[in-house]
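*Asks:* Here you go, one structure.
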Amino acid sequence: MKLTGRHFLKLMDYTPEEILYLIDLAAKLKQEKKQGVSQLAKLQGKNIALIFEKTSTRTRCSFEVAAHDLGMHTTYLAPSASQIGKKESIADTARVLGRMFDGIEYRGFEQEIVEELAKYAGVPVWNGLTNEFHPTQMLADMLTIQEHLGRLKGVKLVYMGDARYNMGNSLMVTCAKLGMHFTACTSKNYFPEAELVSYCEKLAKETGGTVTLSEDVETAAKGADVIYTDVWVSMGEPEEVWEERIQELLPYQVNQRVMELAGEQAVFMHCLPAYHDLKTEVGRKVYEKFGIAELEVTDEVFEGSRSVVFDEAENRMHTIKAVMLATLGES
């Protein structure tokens, strides 16, 4: 399958076959790395730019290590190190970087920014996260599910919490593309946008999947193969929103009861970071203000035997490597 020269902006742009191809390629690259097989010659001498308007741990490390494994050089542009959208337009930035680099990663705000970068860059552009979508995380999640459950088609994935933004949107799209059964379990105030839900419902009918929106934890969690959650506040939101979010979303915390409702076959997933204890600055602030020590997931579940969150985190690197190899070279 030839994906050379393609952008990777959202999974709506990719067919189910192309998505599965990237997951399989990532699995192959992961096996090679575990076996100590050198991958330096695959993209040796190429250069990529990493634009980060939002800070990151997993995304930055994944792109840098994956690039170095493939023989590439990286230039990291921190939130304060780029003039994008400030002194220089997005289009101009794209055309400048496209003359110097073989590929560009963007992690930041509106989806339209990464779409505009792709329009003018002339080289592959990869979405490391926007407010609306997080496609590299999706490939890592699907690889992790495949590794632990042995399949993707027919898997029931329940996302609990705030499903209005990149994670809820992306999981719903991906599950619909791959014939999986997606449920957003949350307050109706936190459901994904109706237009995207409609798109995914139509897509799921073609692939054998389903899309469900539910406010009832017991009904939604019963028989789930994957219980998934994310933090309840998006990057950059003020602390004032915490009280409202906690009150509305606390009933959708992933705890041991939820995992028992799902059944012994279920795994727990989280894209990280997670507020499951008091070992973070945010966790301590929330505890001081509201007296709650665990937010979207309890420590018992997060540290439990069915938690696969660190496999998921590692797989960011392998799947990002697959995306770069497929779009920049002969994969």
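Each chain in the structure tokens gets a letter, A, B, ..., in the order shown, and its residues are numbered from 1; ligands are numbered from 1 in order too.
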Could you give me, as a JSON list (two decimals) with C-alpha atoms, in the first residue's frame, the residues within 12 Å of Asp13 in chain A, counting only C-alpha atoms and dropping anything in the same chain fewer than 4 positions from it?
*Replies:*
[["chain", "number", "residue", "atom", "x", "y", "z"],
["A", 3, "LEU", "CA", 0.94, 6.24, 1.32],
["A", 6, "ARG", "CA", 0.18, 11.71, 2.28],
["A", 7, "HIS", "CA", -0.66, 13.96, 5.24],
["A", 8, "PHE", "CA", -1.85, 12.42, 8.52],
["A", 9, "LEU", "CA", -4.34, 14.93, 9.90],
["A", 17, "GLU", "CA", -7.72, -0.72, 5.03],
["A", 18, "GLU", "CA", -5.17, 2.09, 5.25],
["A", 19, "ILE", "CA", -5.62, 2.38, 9.02],
["A", 115, "GLU", "CA", -5.05, 21.60, 7.82],
["A", 133, "PHE", "CA", -8.59, 15.16, 16.77],
["A", 135, "PRO", "CA", -4.97, 10.51, 15.21],
["A", 173, "VAL", "CA", -14.40, 7.92, 14.34],
["A", 174, "THR", "CA", -11.83, 5.14, 14.65],
["A", 177, "LYS", "CA", -14.07, 3.00, 10.69]]
*Asks:* Could you give me, as a ChimeraX atom specification, each residue of range 52-257 of chain A that DSSP assigns to alpha helix (DSSP H) when run on this structure's backbone?
*Replies:* /A:58-69,90-100,111-121,135-149,166-177,194-207,217-221,241-249,256-257
*Asks:* Nearest residue to Asn255 in chain A out of A:Val211, A:Val301, A:Pro238, A:Leu149, using only C-alpha atoms?
*Replies:* A:Val301
*Asks:* According to DSSP computed on the backbone, where in range 86-131 of chain A is there strand (DSSP E)? Give the residues as a ChimeraX atom specification.
*Replies:* /A:103-107,125-129
*Asks:* For the residues in that selection, give me N, CA and C atoms as an mmCIF file, in the first residue's frame.
*Replies:*
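File result-v8.cif, as written:
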data_model
loop_
_atom_site.group_PDB
_atom_site.id
_atom_site.type_symbol
_atom_site.label_atom_id
_atom_site.label_comp_id
_atom_site.auth_asym_id
_atom_site.auth_seq_id
_atom_site.Cartn_x
_atom_site.Cartn_y
_atom_site.Cartn_z
ATOM 1 N N GLY A 103 9.324 16.625 6.406
ATOM 2 C CA GLY A 103 8.028 16.412 7.033
ATOM 3 C C GLY A 103 7.857 17.352 8.206
ATOM 4 N N ILE A 104 6.595 17.621 8.585
ATOM 5 C CA ILE A 104 6.302 18.574 9.664
ATOM 6 C C ILE A 104 5.248 17.975 10.589
ATOM 7 N N GLU A 105 5.546 17.985 11.890
ATOM 8 C CA GLU A 105 4.549 17.594 12.892
ATOM 9 C C GLU A 105 4.022 18.855 13.566
ATOM 10 N N TYR A 106 2.710 18.862 13.848
ATOM 11 C CA TYR A 106 2.114 19.998 14.553
ATOM 12 C C TYR A 106 1.276 19.486 15.722
ATOM 13 N N ARG A 107 1.488 20.074 16.897
ATOM 14 C CA ARG A 107 0.666 19.792 18.078
ATOM 15 C C ARG A 107 0.225 21.134 18.643
ATOM 16 N N VAL A 125 2.479 16.438 6.436
ATOM 17 C CA VAL A 125 2.235 17.077 7.732
ATOM 18 C C VAL A 125 1.476 16.082 8.607
ATOM 19 N N TRP A 126 1.906 15.957 9.854
ATOM 20 C CA TRP A 126 1.304 14.995 10.781
ATOM 21 C C TRP A 126 0.703 15.726 11.985
ATOM 22 N N ASN A 127 -0.494 15.328 12.350
ATOM 23 C CA ASN A 127 -1.202 15.926 13.479
ATOM 24 C C ASN A 127 -0.814 15.214 14.771
ATOM 25 N N GLY A 128 -0.059 15.926 15.637
ATOM 26 C CA GLY A 128 0.323 15.385 16.936
ATOM 27 C C GLY A 128 -0.716 15.612 18.001
ATOM 28 N N LEU A 129 -1.726 16.405 17.740
ATOM 29 C CA LEU A 129 -2.903 16.663 18.575
ATOM 30 C C LEU A 129 -3.429 18.044 18.234
#
*Asks:* What lies within 10 Å of Phe191 in chain A using only C-alpha atoms, ignoring chain neighbours under 3 positions off, as a list in words?
*Replies:*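 So the residues in contact are Gly161, Asp162, Ala163, Arg164, Tyr165, Gly168, Asn169, Ala184, Cys185, Thr186, Ser187, Lys188, Ala194, Val197, Leu213, Ser214 and Glu215 of chain A.
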*Asks:* For the residues selected in the previous step, produce a file with all heavy atoms as a short mmCIF file (atom, residue, chain, number, x, y, z; two decimals), in the first residue's frame.
*Replies:*
data_model
loop_
_atom_site.label_atom_id
_atom_site.label_comp_id
_atom_site.auth_asym_id
_atom_site.auth_seq_id
_atom_site.Cartn_x
_atom_site.Cartn_y
_atom_site.Cartn_z
N GLY A 161 -16.47 9.97 30.45
CA GLY A 161 -15.96 11.31 30.76
C GLY A 161 -16.40 12.33 29.75
O GLY A 161 -17.50 12.25 29.20
N ASP A 162 -15.55 13.31 29.48
CA ASP A 162 -15.87 14.39 28.56
C ASP A 162 -15.58 13.94 27.13
O ASP A 162 -14.44 13.86 26.71
CB ASP A 162 -15.04 15.63 28.91
CG ASP A 162 -15.49 16.87 28.15
OD1 ASP A 162 -16.23 16.73 27.16
OD2 ASP A 162 -15.10 17.98 28.56
N ALA A 163 -16.63 13.67 26.37
CA ALA A 163 -16.48 13.11 25.01
C ALA A 163 -16.61 14.15 23.92
O ALA A 163 -16.80 13.80 22.75
CB ALA A 163 -17.51 12.00 24.80
N ARG A 164 -16.47 15.43 24.25
CA ARG A 164 -16.71 16.49 23.26
C ARG A 164 -15.48 16.86 22.44
O ARG A 164 -15.62 17.54 21.41
CB ARG A 164 -17.20 17.76 23.97
CG ARG A 164 -18.49 17.60 24.74
CD ARG A 164 -18.78 18.86 25.55
NE ARG A 164 -17.72 19.11 26.53
CZ ARG A 164 -17.62 20.23 27.25
NH1 ARG A 164 -18.49 21.21 27.07
NH2 ARG A 164 -16.64 20.36 28.13
N TYR A 165 -14.31 16.44 22.88
CA TYR A 165 -13.10 16.95 22.25
C TYR A 165 -12.31 15.86 21.53
O TYR A 165 -12.86 14.87 21.09
CB TYR A 165 -12.25 17.68 23.28
CG TYR A 165 -12.96 18.86 23.89
CD1 TYR A 165 -13.25 18.89 25.25
CD2 TYR A 165 -13.38 19.93 23.11
CE1 TYR A 165 -13.92 19.98 25.81
CE2 TYR A 165 -14.05 21.02 23.66
CZ TYR A 165 -14.33 21.04 25.01
OH TYR A 165 -14.99 22.09 25.56
N GLY A 168 -12.66 11.83 22.59
CA GLY A 168 -13.98 11.29 22.30
C GLY A 168 -14.27 11.26 20.81
O GLY A 168 -14.76 10.26 20.27
N ASN A 169 -13.95 12.37 20.14
CA ASN A 169 -14.16 12.44 18.69
C ASN A 169 -13.36 11.37 17.96
O ASN A 169 -13.89 10.65 17.10
CB ASN A 169 -13.72 13.82 18.16
CG ASN A 169 -14.62 14.95 18.59
OD1 ASN A 169 -15.74 14.72 19.05
ND2 ASN A 169 -14.14 16.16 18.45
N ALA A 184 -20.18 6.37 24.12
CA ALA A 184 -19.78 7.51 24.94
C ALA A 184 -20.69 7.49 26.16
O ALA A 184 -21.90 7.68 26.05
CB ALA A 184 -19.94 8.82 24.18
N CYS A 185 -20.12 7.24 27.32
CA CYS A 185 -20.89 7.16 28.56
C CYS A 185 -20.57 8.38 29.41
O CYS A 185 -19.49 8.49 30.00
CB CYS A 185 -20.54 5.87 29.31
SG CYS A 185 -21.46 5.66 30.85
N THR A 186 -21.52 9.30 29.46
CA THR A 186 -21.28 10.57 30.14
C THR A 186 -22.58 11.34 30.27
O THR A 186 -23.63 10.90 29.76
CB THR A 186 -20.24 11.40 29.37
OG1 THR A 186 -19.93 12.58 30.12
CG2 THR A 186 -20.74 11.80 27.99
N SER A 187 -22.54 12.48 30.93
CA SER A 187 -23.69 13.38 30.96
C SER A 187 -23.98 13.88 29.55
O SER A 187 -23.06 14.06 28.75
CB SER A 187 -23.38 14.57 31.88
OG SER A 187 -24.23 15.66 31.60
N LYS A 188 -25.24 14.10 29.25
CA LYS A 188 -25.62 14.56 27.91
C LYS A 188 -24.95 15.88 27.54
O LYS A 188 -24.80 16.20 26.36
CB LYS A 188 -27.13 14.70 27.79
CG LYS A 188 -27.74 15.73 28.72
CD LYS A 188 -29.26 15.75 28.59
CE LYS A 188 -29.88 16.76 29.56
NZ LYS A 188 -31.37 16.76 29.46
N ALA A 194 -23.38 16.59 17.42
CA ALA A 194 -24.37 15.78 16.70
C ALA A 194 -23.95 15.48 15.26
O ALA A 194 -24.19 14.38 14.75
CB ALA A 194 -25.73 16.48 16.72
N VAL A 197 -21.44 12.71 15.27
CA VAL A 197 -22.14 11.47 15.66
C VAL A 197 -22.88 10.89 14.47
O VAL A 197 -22.80 9.69 14.19
CB VAL A 197 -23.12 11.72 16.83
CG1 VAL A 197 -23.98 10.48 17.09
CG2 VAL A 197 -22.36 12.11 18.10
N LEU A 213 -24.73 6.64 22.54
CA LEU A 213 -24.54 7.68 23.55
C LEU A 213 -25.40 7.31 24.75
O LEU A 213 -26.60 7.06 24.60
CB LEU A 213 -24.96 9.05 23.00
CG LEU A 213 -24.31 9.50 21.69
CD1 LEU A 213 -24.81 10.88 21.30
CD2 LEU A 213 -22.79 9.49 21.79
N SER A 214 -24.80 7.26 25.94
CA SER A 214 -25.52 6.80 27.11
C SER A 214 -25.14 7.60 28.35
O SER A 214 -23.98 7.97 28.51
CB SER A 214 -25.23 5.32 27.35
OG SER A 214 -25.83 4.87 28.55
N GLU A 215 -26.11 7.82 29.20
CA GLU A 215 -25.85 8.45 30.49
C GLU A 215 -25.85 7.42 31.62
O GLU A 215 -25.60 7.76 32.77
CB GLU A 215 -26.90 9.52 30.78
CG GLU A 215 -26.83 10.73 29.88
CD GLU A 215 -27.78 11.84 30.31
OE1 GLU A 215 -28.96 11.81 29.89
OE2 GLU A 215 -27.35 12.72 31.09
#
*Asks:* Counting only C-alpha atoms, which residues of range 162-256 of chain A sit at most 10 Å from some atom of range 272-289 of chain A, and what is each one's closest atom pair with its distance in Å to one decimal, listed by chain and rising residue number, as JSON lines?
*Replies:*
{"residue": "A:Thr229", "atom": "CA", "partner": "A:Ala274", "partner_atom": "CA", "distance": 9.1}
{"residue": "A:Asp230", "atom": "CA", "partner": "A:Leu272", "partner_atom": "CA", "distance": 7.0}
{"residue": "A:Val231", "atom": "CA", "partner": "A:Ala274", "partner_atom": "CA", "distance": 6.2}
{"residue": "A:Trp232", "atom": "CA", "partner": "A:Tyr275", "partner_atom": "CA", "distance": 9.4}
{"residue": "A:Glu239", "atom": "CA", "partner": "A:Val286", "partner_atom": "CA", "distance": 9.3}
{"residue": "A:Trp242", "atom": "CA", "partner": "A:Val286", "partner_atom": "CA", "distance": 8.1}
{"residue": "A:Glu243", "atom": "CA", "partner": "A:Lys289", "partner_atom": "CA", "distance": 9.1}
{"residue": "A:Ile246", "atom": "CA", "partner": "A:Val286", "partner_atom": "CA", "distance": 9.6}
*Asks:* So that I have them on file, write out the residues from the current selection with C-alpha atoms, as a PDB file, in the first residue's frame.
*Replies:*
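Written file, selection_21.pdb:
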ATOM      1  CA  THR A 229     -11.138   7.600  29.969  1.00  0.00           C
ATOM      2  CA  ASP A 230      -9.165  10.847  29.847  1.00  0.00           C
ATOM      3  CA  VAL A 231      -8.684  13.902  32.038  1.00  0.00           C
ATOM      4  CA  TRP A 232     -11.777  16.027  32.568  1.00  0.00           C
ATOM      5  CA  GLU A 239      -9.239  26.249  37.069  1.00  0.00           C
ATOM      6  CA  TRP A 242     -13.093  22.238  37.629  1.00  0.00           C
ATOM      7  CA  GLU A 243     -16.017  22.480  40.062  1.00  0.00           C
ATOM      8  CA  ILE A 246     -16.224  17.338  38.846  1.00  0.00           C
TER       9      ILE A 246
END
*Asks:* To one decimal in Å, tell me the separation between CA of Tyr159 in chain A and CA of Leu171 in chain A.
*Replies:*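 Going from CA of Tyr159 in chain A over to CA of Leu171 in chain A covers 8.1 Å.
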*Asks:* May I have the residues within 12 Å of range 91-97 of chain A as a ChimeraX atom specification, using only C-alpha atoms and disregarding those fewer than 3 positions away in the same chain?
*Replies:* /A:47-51,75,77,82-88,100-106,112-125
*Asks:* Take CA of Glu201 in chain A and CA of Val308 in chain A and report the distance between them in Å, one decimal.
*Replies:* 27.9 Å
*Asks:* Excluding His318 in chain A and its own-chain neighbours fewer than 6 positions away, which residues fall within 10 Å of it when counting only C-alpha atoms? Please give them as a list in words.
*Replies:*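 My reading of the contact set: Ile23, Leu25, Ala26, Ala27, Lys28, Leu29, Lys30, Gln31, Lys33, Ser62, Phe63, Val65, Ala66, Leu139, Ala140 and Leu143 of chain A.
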*Asks:* Okay, now the selection with N, CA, C and O atoms, as a compact mmCIF listing (two decimals), in the first residue's frame?
*Replies:*
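Resulting contents of again.txt:
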# COMPACT_ATOMS: atom_id res chain seq x y z
N ILE A 23 -1.38 0.09 11.34
CA ILE A 23 -1.28 -0.66 12.59
C ILE A 23 -0.39 -1.88 12.40
O ILE A 23 0.48 -2.17 13.24
N LEU A 25 1.95 -2.27 10.12
CA LEU A 25 3.31 -1.79 9.92
C LEU A 25 3.96 -1.44 11.26
O LEU A 25 5.14 -1.76 11.50
N ALA A 26 3.20 -0.80 12.15
CA ALA A 26 3.71 -0.46 13.48
C ALA A 26 4.09 -1.72 14.25
O ALA A 26 5.13 -1.76 14.93
N ALA A 27 3.26 -2.75 14.16
CA ALA A 27 3.55 -4.01 14.85
C ALA A 27 4.85 -4.62 14.32
O ALA A 27 5.68 -5.14 15.09
N LYS A 28 5.06 -4.54 13.00
CA LYS A 28 6.29 -5.06 12.39
C LYS A 28 7.50 -4.26 12.87
O LYS A 28 8.54 -4.84 13.23
N LEU A 29 7.39 -2.94 12.88
CA LEU A 29 8.50 -2.09 13.32
C LEU A 29 8.80 -2.29 14.80
O LEU A 29 9.97 -2.27 15.22
N LYS A 30 7.77 -2.51 15.59
CA LYS A 30 7.95 -2.77 17.02
C LYS A 30 8.73 -4.07 17.22
O LYS A 30 9.66 -4.13 18.03
N GLN A 31 8.35 -5.10 16.48
CA GLN A 31 9.05 -6.38 16.58
C GLN A 31 10.51 -6.25 16.18
O GLN A 31 11.40 -6.80 16.85
N LYS A 33 12.37 -3.59 16.39
CA LYS A 33 13.09 -2.85 17.44
C LYS A 33 13.38 -3.76 18.64
O LYS A 33 14.48 -3.73 19.20
N SER A 62 7.97 10.41 21.44
CA SER A 62 7.67 9.41 20.42
C SER A 62 8.19 9.83 19.06
O SER A 62 8.81 9.04 18.33
N PHE A 63 7.93 11.08 18.67
CA PHE A 63 8.41 11.56 17.38
C PHE A 63 9.93 11.60 17.33
O PHE A 63 10.54 11.20 16.33
N VAL A 65 12.29 9.89 19.20
CA VAL A 65 12.92 8.57 19.22
C VAL A 65 12.63 7.83 17.93
O VAL A 65 13.53 7.20 17.34
N ALA A 66 11.39 7.90 17.45
CA ALA A 66 11.04 7.22 16.19
C ALA A 66 11.87 7.77 15.03
O ALA A 66 12.37 7.01 14.19
N LEU A 139 -3.90 5.28 16.58
CA LEU A 139 -3.15 4.13 16.09
C LEU A 139 -2.52 3.36 17.25
O LEU A 139 -2.51 2.13 17.27
N ALA A 140 -1.98 4.09 18.21
CA ALA A 140 -1.38 3.45 19.38
C ALA A 140 -2.44 2.68 20.17
O ALA A 140 -2.19 1.55 20.63
N LEU A 143 -3.41 -0.52 18.19
CA LEU A 143 -2.35 -1.53 18.28
C LEU A 143 -2.39 -2.20 19.65
O LEU A 143 -2.24 -3.43 19.76
